[in-house]
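One structure below.
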Amino acid sequence: DQTVYAEALISAVARAFLEDEAVCLIDVLIRDKYLRDDDMGPRLSLPNKQLRRTLQFLQDQQLVKFELVDDLSSGGSQATKFWYIDYNHAVRVIRYRLYLLKKKLEQAELRARSSSMYLCPGYKTKACNGRYTETEAQQVVDQETGLFLCQECVNAHAANPDPPPKHTYTLQLLDNTKDLRLAMDNMRRVNVQLTGKMIGNQQLRPGIYDLLQKVRSKGKGPLTSNLPSENFSMGIGSKRLAGTGRTANIKAKKLAQQGVVTGGSGAVRKYLGGATRTE
């Protein structure tokens, strides 16, 4: 089932690149299929402000969405905000983000390997602005010595009867070993993060590259959008916590008037779909 691979992929990406709060929310959304905006705080035992900030971040990253669902029958409103993961969209976003990341790292390494800069000794002491690309350096070759000379320094000493030695303003190739090493190290660390980890025959971490290939498999149809309205209508997903929602108190009063509370307040909670025990 591609949905299983999609869930594993989203979870693996969250663990590789996101903070702990975001990882926990991703795990809960995968497990429960959706979170109601008005009961997610008590459900997760976290402040609503903190949860909404994390959900907003995940929404900005295009990993989660929300849908307005009629939840009036469960104590909510006619337009309760249900947060969820659109598997089809999230997988496309992950695939595109990883493509951009890999392309950026490859370009950084290519630049480090191919870029050659030449500096005048006076550039380091701020005596001149002698910084040249490889192409520019080839245009300032001294005809007598064949050296690359800083033209700013050449012009500055043109009228000097006792000019300094030419080696004091001969361009020197900038050592870019540090930049190349950094680019290669960044590529290596990202590849480690995206590759599965095994100890013996036991897999400690699924490979993001492998999961992408499995989700991409042809002939298995599109991924589900995992809409809360569809899951809710089929009874799939978490039930509302007792006593939460804009109309929960109104619902409880109506049940009390109808005599549904004969078994105690636990009966009302059971009716609302939150409690699994009676009081």
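Letters A, B, ... mark the chains of the structure tokens in the order given; residue numbers begin at 1 per chain; ligand numbers begin at 1, in order shown.
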
Show which residues sit within 12 Å of region 195-201 of chain A, as an MDAnalysis selection string. Count only C-alpha atoms, and ignore same-chain residues fewer than 3 positions away. chainID A and resid 9 12:13 16 188:192 204:212

Tell me, as number ranges by chain, which residues lie within 12 Å of Lys49 (chain A), counting only C-alpha atoms; anything in the same chain fewer than 5 positions away does not count. A: 37-38, 40-41, 54-56

Contacts of region 150-161 of chain A at 8 Å (only C-alpha atoms; same-chain gap of 5+ positions) as a ChimeraX atom specification: /A:120,128-130,140,169-171

Would you save the residues from that selection as a compact mmCIF listing (two decimals), in the first residue's frame, using all heavy atoms?
# COMPACT_ATOMS: atom_id res chain seq x y z
N CYS A 120 45.54 40.07 -5.03
CA CYS A 120 46.78 40.81 -4.89
C CYS A 120 47.16 40.80 -3.41
O CYS A 120 46.27 40.87 -2.54
CB CYS A 120 46.59 42.25 -5.37
SG CYS A 120 48.04 43.31 -5.13
N CYS A 128 44.67 47.80 -1.77
CA CYS A 128 44.04 47.90 -3.08
C CYS A 128 42.84 46.97 -3.12
O CYS A 128 42.53 46.28 -2.14
CB CYS A 128 45.04 47.51 -4.18
SG CYS A 128 45.48 45.75 -4.17
N ASN A 129 42.15 46.97 -4.25
CA ASN A 129 40.97 46.12 -4.44
C ASN A 129 41.26 45.02 -5.44
O ASN A 129 40.39 44.63 -6.23
CB ASN A 129 39.78 46.96 -4.91
CG ASN A 129 39.37 48.01 -3.89
OD1 ASN A 129 39.19 47.68 -2.72
ND2 ASN A 129 39.24 49.25 -4.32
N GLY A 130 42.48 44.50 -5.42
CA GLY A 130 42.90 43.52 -6.41
C GLY A 130 42.35 42.14 -6.20
O GLY A 130 42.99 41.27 -5.62
N VAL A 140 45.42 40.46 -17.51
CA VAL A 140 46.36 41.41 -16.90
C VAL A 140 47.75 40.79 -16.81
O VAL A 140 48.49 41.01 -15.85
CB VAL A 140 45.87 41.85 -15.50
CG1 VAL A 140 44.59 42.66 -15.60
CG2 VAL A 140 45.65 40.65 -14.59
N TYR A 169 53.00 42.87 -5.92
CA TYR A 169 51.63 43.02 -6.41
C TYR A 169 51.32 42.02 -7.53
O TYR A 169 50.53 42.28 -8.43
CB TYR A 169 51.33 44.46 -6.86
CG TYR A 169 52.33 45.09 -7.80
CD1 TYR A 169 52.15 45.02 -9.18
CD2 TYR A 169 53.44 45.77 -7.31
CE1 TYR A 169 53.04 45.62 -10.05
CE2 TYR A 169 54.35 46.37 -8.17
CZ TYR A 169 54.15 46.29 -9.54
OH TYR A 169 55.04 46.89 -10.40
N THR A 170 51.97 40.87 -7.43
CA THR A 170 51.65 39.75 -8.32
C THR A 170 50.46 38.98 -7.75
O THR A 170 50.44 38.65 -6.55
CB THR A 170 52.85 38.80 -8.47
OG1 THR A 170 53.94 39.52 -9.07
CG2 THR A 170 52.49 37.60 -9.33
N LEU A 171 49.48 38.71 -8.59
CA LEU A 171 48.27 38.02 -8.13
C LEU A 171 48.61 36.60 -7.70
O LEU A 171 49.41 35.90 -8.34
CB LEU A 171 47.22 37.98 -9.24
CG LEU A 171 46.78 39.34 -9.79
CD1 LEU A 171 45.68 39.15 -10.84
CD2 LEU A 171 46.28 40.25 -8.68

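Proximity of A:Arg216, A:Asp60, A:Thr168, A:Ala127 to Leu147 (chain A), computed with only C-alpha atoms, is greatest for A:Thr168.
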
Name the residues of region 37-278 of chain A that come out as strand (DSSP E or B) in a backbone DSSP run; write them as a list of chain:residue names. A:Lys65, A:Phe66, A:Glu67, A:Leu68, A:Val69, A:Thr80, A:Lys81, A:Phe82, A:Trp83, A:Tyr84, A:Met117, A:Tyr118, A:Leu119, A:Arg131, A:Tyr132, A:Thr133, A:Val141, A:Phe148, A:Leu149, A:Thr170, A:Gln172, A:Leu173, A:Lys197, A:Met198, A:Ile199, A:Gln202, A:Gln203, A:Leu204, A:Arg205

Can you tell me, as a PyMOL selection string, which residues in region 10-251 of chain A count as alpha helix (DSSP H) by DSSP? chain A and resi 10-17+20-32+40-44+48-60+87-114+121-124+134-137+151-156+177-194+208-215+228-233+248-251

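Relative to CA of Leu63 (chain A), CA of Val215 (chain A) is found at 16.3 Å.
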
Near Arg43 (chain A), within 9 Å and counting only C-alpha atoms, which residues show up once chain neighbours fewer than 3 positions away are dropped, as a list in words? Asp39, Met40, Leu46, Arg240 and Leu241 of chain A

Deliver the residues from the most recent selection as a file, using N, CA and C atoms, as an mmCIF file, in the first residue's frame.
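Output below, filename selection_35.cif:
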data_model
loop_
_atom_site.group_PDB
_atom_site.id
_atom_site.type_symbol
_atom_site.label_atom_id
_atom_site.label_comp_id
_atom_site.auth_asym_id
_atom_site.auth_seq_id
_atom_site.Cartn_x
_atom_site.Cartn_y
_atom_site.Cartn_z
ATOM 1 N N ASP A 39 -9.817 20.795 20.327
ATOM 2 C CA ASP A 39 -9.543 19.827 21.404
ATOM 3 C C ASP A 39 -8.128 19.255 21.339
ATOM 4 N N MET A 40 -7.305 19.813 20.456
ATOM 5 C CA MET A 40 -5.959 19.247 20.317
ATOM 6 C C MET A 40 -5.071 19.584 21.509
ATOM 7 N N LEU A 46 -0.614 19.930 25.701
ATOM 8 C CA LEU A 46 0.297 21.016 25.343
ATOM 9 C C LEU A 46 -0.503 22.311 25.208
ATOM 10 N N ARG A 240 -13.762 12.963 19.478
ATOM 11 C CA ARG A 240 -13.623 14.199 20.244
ATOM 12 C C ARG A 240 -13.501 13.905 21.731
ATOM 13 N N LEU A 241 -12.644 14.655 22.402
ATOM 14 C CA LEU A 241 -12.531 14.526 23.853
ATOM 15 C C LEU A 241 -13.792 15.058 24.511
#

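When only C-alpha atoms are used to measure the gap to Gly75 (chain A), the shortest distance among A:Arg36, A:Arg31, A:Lys126, A:Lys166 belongs to A:Arg36.
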
Just how far from CA of Ala112 (chain A) is CA of Asp179 (chain A), in Å to one decimal?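 Distance between the two atoms: 5.9 Å.
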
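Rounded to one decimal, CA of Val4 (chain A) and CA of Lys81 (chain A) lie 25.2 Å from each other.
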
Can you list, as JSON, numbers by chain, every protein, DNA or RNA residue that comes within 10 Å of region 226-230 of chain A when you count only C-alpha atoms, leaving out same-chain residues fewer than 3 positions away? {"A": [3, 30, 33, 34, 35, 36, 65, 66, 67, 68, 69, 70, 71, 81, 82, 83, 84, 85, 86, 87, 88, 223, 233, 234, 235, 236, 237]}

For Leu173 (chain A), list every protein, DNA or RNA residue within 8 Å, evaluated using only C-alpha atoms, and leave out those in the same chain fewer than 6 positions away; present the list as an mmCIF file with all heavy atoms, in the first residue's frame.
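Contents of selection_17.cif, freshly written:
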data_model
loop_
_atom_site.group_PDB
_atom_site.id
_atom_site.type_symbol
_atom_site.label_atom_id
_atom_site.label_comp_id
_atom_site.auth_asym_id
_atom_site.auth_seq_id
_atom_site.Cartn_x
_atom_site.Cartn_y
_atom_site.Cartn_z
ATOM 1 N N SER A 116 38.161 29.744 -9.473
ATOM 2 C CA SER A 116 39.532 30.138 -9.146
ATOM 3 C C SER A 116 39.565 31.655 -9.022
ATOM 4 O O SER A 116 39.221 32.364 -9.976
ATOM 5 C CB SER A 116 40.504 29.676 -10.232
ATOM 6 O OG SER A 116 40.519 28.264 -10.309
ATOM 7 N N MET A 117 39.966 32.134 -7.873
ATOM 8 C CA MET A 117 40.078 33.562 -7.633
ATOM 9 C C MET A 117 41.541 33.918 -7.392
ATOM 10 O O MET A 117 42.293 33.155 -6.776
ATOM 11 C CB MET A 117 39.232 33.979 -6.435
ATOM 12 C CG MET A 117 37.734 33.793 -6.611
ATOM 13 S SD MET A 117 37.027 34.791 -7.954
ATOM 14 C CE MET A 117 37.397 36.441 -7.365
ATOM 15 N N TYR A 118 41.926 35.076 -7.897
ATOM 16 C CA TYR A 118 43.290 35.563 -7.729
ATOM 17 C C TYR A 118 43.250 36.853 -6.919
ATOM 18 O O TYR A 118 42.469 37.762 -7.231
ATOM 19 C CB TYR A 118 43.952 35.811 -9.086
ATOM 20 C CG TYR A 118 44.253 34.544 -9.857
ATOM 21 C CD1 TYR A 118 43.269 33.895 -10.594
ATOM 22 C CD2 TYR A 118 45.530 33.991 -9.846
ATOM 23 C CE1 TYR A 118 43.541 32.736 -11.295
ATOM 24 C CE2 TYR A 118 45.819 32.831 -10.543
ATOM 25 C CZ TYR A 118 44.817 32.218 -11.259
ATOM 26 O OH TYR A 118 45.093 31.058 -11.954
ATOM 27 N N LEU A 119 44.121 36.942 -5.910
ATOM 28 C CA LEU A 119 44.160 38.115 -5.037
ATOM 29 C C LEU A 119 45.534 38.758 -5.080
ATOM 30 O O LEU A 119 46.567 38.070 -5.122
ATOM 31 C CB LEU A 119 43.833 37.733 -3.587
ATOM 32 C CG LEU A 119 42.453 37.139 -3.287
ATOM 33 C CD1 LEU A 119 42.318 36.865 -1.788
ATOM 34 C CD2 LEU A 119 41.347 38.064 -3.749
#

Counting only C-alpha atoms, the residue of A:Leu174, A:Leu101, A:Ile26, A:Leu110 that sits nearest Arg131 (chain A):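 Looking only at the distances to Arg131 (chain A), the closest residue turns out to be A:Leu174.
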